[in-house]
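Chemist: For reference, the structure I am asking about is given below.
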2 protein chains.
Amino acid sequence: MNAVDVRTRILREATRLFAERGVSGTSIQAVATAAGITKPTLVYHFGGKDGLRTAVLAEFMDHWRHELPKLLTAAASGGPRLDSLVEALFDFFRRDPDRARLLLRESLDRPEELRTLLRDSVQPFTALITQAMRMGQMQGAIREKVDPEAFVVLVISCAVGVVAVGPFVSGLMSPEPSVDAQQAELIRMARVALLNPPGST
Amino acid sequence: MNAVDVRTRILREATRLFAERGVSGTSIQAVATAAGITKPTLVYHFGGKDGLRTAVLAEFMDHWRHELPKLLTAAASGGPRLDSLVEALFDFFRRDPDRARLLLRESLDRPEELRTLLRDSVQPFTALITQAMRMGQMQGAIREKVDPEAFVVLVISCAVGVVAVGPFVSGLMSPEPSVDAQQAELIRMARVALLNPPGST
DNA sequence: CCTACCGATCGGTAGG
DNA sequence: CCTACCGATCGGTAGG
């Protein structure tokens with residue numbers, strides 16, 4: 001029962017509960033119980049509820065910051081393939097849907113704070129993507145009418161939305177489209193809306 | 001100060017506060033104060049916090065149920081124009097972004113309950129849209145590869161997402177795409193991804 | 001529609 | 001890392 005283990009356990013349970021019920025819907029007592037410790041112990045490790053929330057968010061951002069470069073290079077390895085990029089995006093979130101829910105909750109609860117975090121840690125990478133898109137536009141591979149910044153924001157937030165609430169908003173339709181179907185359709189939409197048709201030179 | 005006025009005022013303030021801070025982040029005391037009454041009065045009118053939440057959601061669903069038919073007929077009047085349909089969807093939510101935030105929060109907090117509500121009140125109308133889309137596919141106007149159910153779910157949830165958190169997730173990009181730009185790009189994406197190119201008969 | 005009040009739970013501290 | 005404890009606020013009730 002060393003300190004690292006406890007910290008990790010607290011963070012894991014906090015992430016799960018925050019994603020499921022939101023920060024204000026989760027008491028630090030509930031997190032402590034889930035982690036198998038008492039409340040004062042949690043406070044000792046994270047300084048209080050706000051410190052815990054910050055730590056959960058920081059861990060998430062760290063994970064993303066380390067994953068994004070891999071994701072980009074992997075996608076670029078087979079040439080600039082949009083499909084694999086969007087698929088990798090889905091993989092990242094579907095591997096742990098709590099990430100998507102947490103992100104969505106945070107953007108509702110603390111929009112300004114999240115905006116700052118995103119700006120600092122992921123914006124440099126998305127800038128690479130839009131830059132590549134403008135190159136593609138000059139070369140004629142990508143449709144001129146595409147707004148690169150808006151396009152990337154839409155695809156990312158749509159992917160997050162599908163993973164976070166896709167299984168439930170599908171109640172809008174009959175038959176309900178599975179998350180797989182929603183993912184496939186988003187990838188299709190993005191490709192068709194992005195690329196010029198093959199024989200249009 | 002008749003009862004109808006008070007009920008309306010409570011509902012309005014509750015909607016605003018629930019959208020901004022979430023249900024669990026809003027005390028009924030805060031709602032009562034915002035509505036200019038005391039807490040027991042609120043409880044008298046809505047039976048408790050859960051009754052208030054249900055009433056807020058019911059009002060929202062009612063609004064949508066009445067608006068959707070108008071929206072569909074308006075869109076159909078100029079022929080089945082996708083643009084105007086998506087624009088009307090955006091108008092509905094942008095007229096009061098709290099609706100979008102509330103919907104997003106509810107889909108995170110009470111997914112099963114929302115699923116049921118959507119199924120009962122909106123699904124009949126979305127069924128009309130997917131039906132029209134399949135007709136379009138048989139006539140060759142709409143791409144064969146489109147998955148109607150997944151497509152409609154994606155466009156709707158993406159529109160909700162843009163209105164609810166678009167102003168903030170734009171922090172991902174530089175320069176930040178405005179909500180207008182995100183809306184325009186979604187409409188462009190949806191049209192290109194949906195329709196067969198003009199000279200493809 | 002309000003005053004007065006309740007038990008339970010909240011986040012957090014003292015002290016070890 | 002825990003026991004014991006705190007004031008504040010929570011949702012809700014009694015009674016008028």
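Just remember, in the structure tokens the first chain shown is A, the second B, etc., residues are 1-based per chain, and ligands are 1-based in the order shown.
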Please check the contacts: residues of chain C at most 12 Å away from chain B, using only C-alpha atoms (C1' of nucleotides), listed as number ranges by chain.
Modeler: C: 1-5
Chemist: May I have the residues within 9 Å of DG11 in chain C as a PyMOL selection string, using only C-alpha atoms (C1' of nucleotides) and disregarding those fewer than 4 positions away in the same chain?
Modeler: chain A and resi 27-28+48-49
Chemist: Would you export the selected residues with N, CA, C and O atoms as a PDB file, in the first residue's frame, please?
Modeler:
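Listing of part_8.pdb after writing:
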ATOM      1  N   SER A  27     -19.285  13.131  -4.491  1.00  0.00           N
ATOM      2  CA  SER A  27     -18.663  13.608  -3.251  1.00  0.00           C
ATOM      3  C   SER A  27     -17.277  12.992  -3.117  1.00  0.00           C
ATOM      4  O   SER A  27     -17.026  11.881  -3.607  1.00  0.00           O
ATOM      5  N   ILE A  28     -16.372  13.718  -2.466  1.00  0.00           N
ATOM      6  CA  ILE A  28     -15.039  13.153  -2.277  1.00  0.00           C
ATOM      7  C   ILE A  28     -15.132  11.917  -1.384  1.00  0.00           C
ATOM      8  O   ILE A  28     -14.313  11.017  -1.480  1.00  0.00           O
ATOM      9  N   GLY A  48      -7.801  18.701  -1.703  1.00  0.00           N
ATOM     10  CA  GLY A  48      -9.215  19.059  -1.670  1.00  0.00           C
ATOM     11  C   GLY A  48      -9.893  18.649  -2.962  1.00  0.00           C
ATOM     12  O   GLY A  48      -9.252  18.079  -3.855  1.00  0.00           O
ATOM     13  N   LYS A  49     -11.168  18.890  -3.066  1.00  0.00           N
ATOM     14  CA  LYS A  49     -11.914  18.435  -4.235  1.00  0.00           C
ATOM     15  C   LYS A  49     -11.417  19.090  -5.521  1.00  0.00           C
ATOM     16  O   LYS A  49     -11.282  18.439  -6.551  1.00  0.00           O
TER      17      LYS A  49
END
Chemist: Quick one: everything within 8 Å of Pro148 in chain B, counting only C-alpha atoms (C1' of nucleotides), minus sequence neighbours fewer than 6 positions away in the same chain. Send it as a PyMOL selection string.
Modeler: chain B and resi 130+133-134
Chemist: Write a file of the just-selected residues containing C-alpha atoms, as a compact mmCIF listing (two decimals), in the first residue's frame.
Modeler:
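Everything below was put into result39.txt:
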# COMPACT_ATOMS: atom_id res chain seq x y z
CA THR B 130 -34.91 8.75 -43.15
CA MET B 133 -33.75 9.78 -47.73
CA ARG B 134 -34.29 6.21 -48.88
Chemist: Kindly determine which residues of chain A lie within 7 Å of chain B, considering only C-alpha atoms, and give the answer as a ChimeraX atom specification.
Modeler: /A:21,24-25,107-109,111-112,115,118-119,122-123,126-127,147,149-151,153-154,158,165,168-173,177,181-182,185,189,192-193
Chemist: Return as a ChimeraX atom specification the full set of residues in range 20-184 of chain A whose backbone-based DSSP assignment is helix (DSSP H, G or I).
Modeler: /A:20-21,28-35,39-46,49-77,82-94,97-109,111-121,123-139,148-172,179-184
Chemist: Using only C-alpha atoms (C1' of nucleotides), which protein or nucleic acid residues come within 10 Å of DT9 in chain C? Drop anything in the same chain fewer than 5 positions from it, and give the result as a PDB file with C-alpha atoms (C1' of nucleotides), in the first residue's frame.
Modeler:
ATOM      1  CA  SER A  27     -18.663  13.608  -3.251  1.00  0.00           C
ATOM      2  CA  GLN A  29     -16.397  10.686   0.252  1.00  0.00           C
TER       3      GLN A  29
ATOM      4  C1'  DT D   9     -25.449  23.761   3.017  1.00  0.00           C
ATOM      5  C1'  DC D  10     -28.261  20.236   1.111  1.00  0.00           C
TER       6       DC D  10
END
Chemist: Compile the contact shell of DC6 in chain D as a VMD selection string: residues with an atom at most 10 Å away, counting only C-alpha atoms (C1' of nucleotides), same-chain residues fewer than 4 positions apart removed.
Modeler: chain C and resid 12 to 14
Chemist: Between CA of His66 in chain B and CA of Asp50 in chain B, what is the distance in Å, rounded to a tenth?
Modeler: 24.4 Å
Chemist: My list of candidates is A:Pro198, A:Lys70, A:Ala34, A:Arg95. Which is closest to Ala141 in chain A when distances are computed with only C-alpha atoms?
Modeler: A:Pro198
Chemist: Please measure the separation of CA of Leu52 in chain B and CA of Leu11 in chain B, giving the value in Å to one decimal.
Modeler: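 According to the coordinates, CA of Leu52 in chain B and CA of Leu11 in chain B are separated by 7.7 Å.
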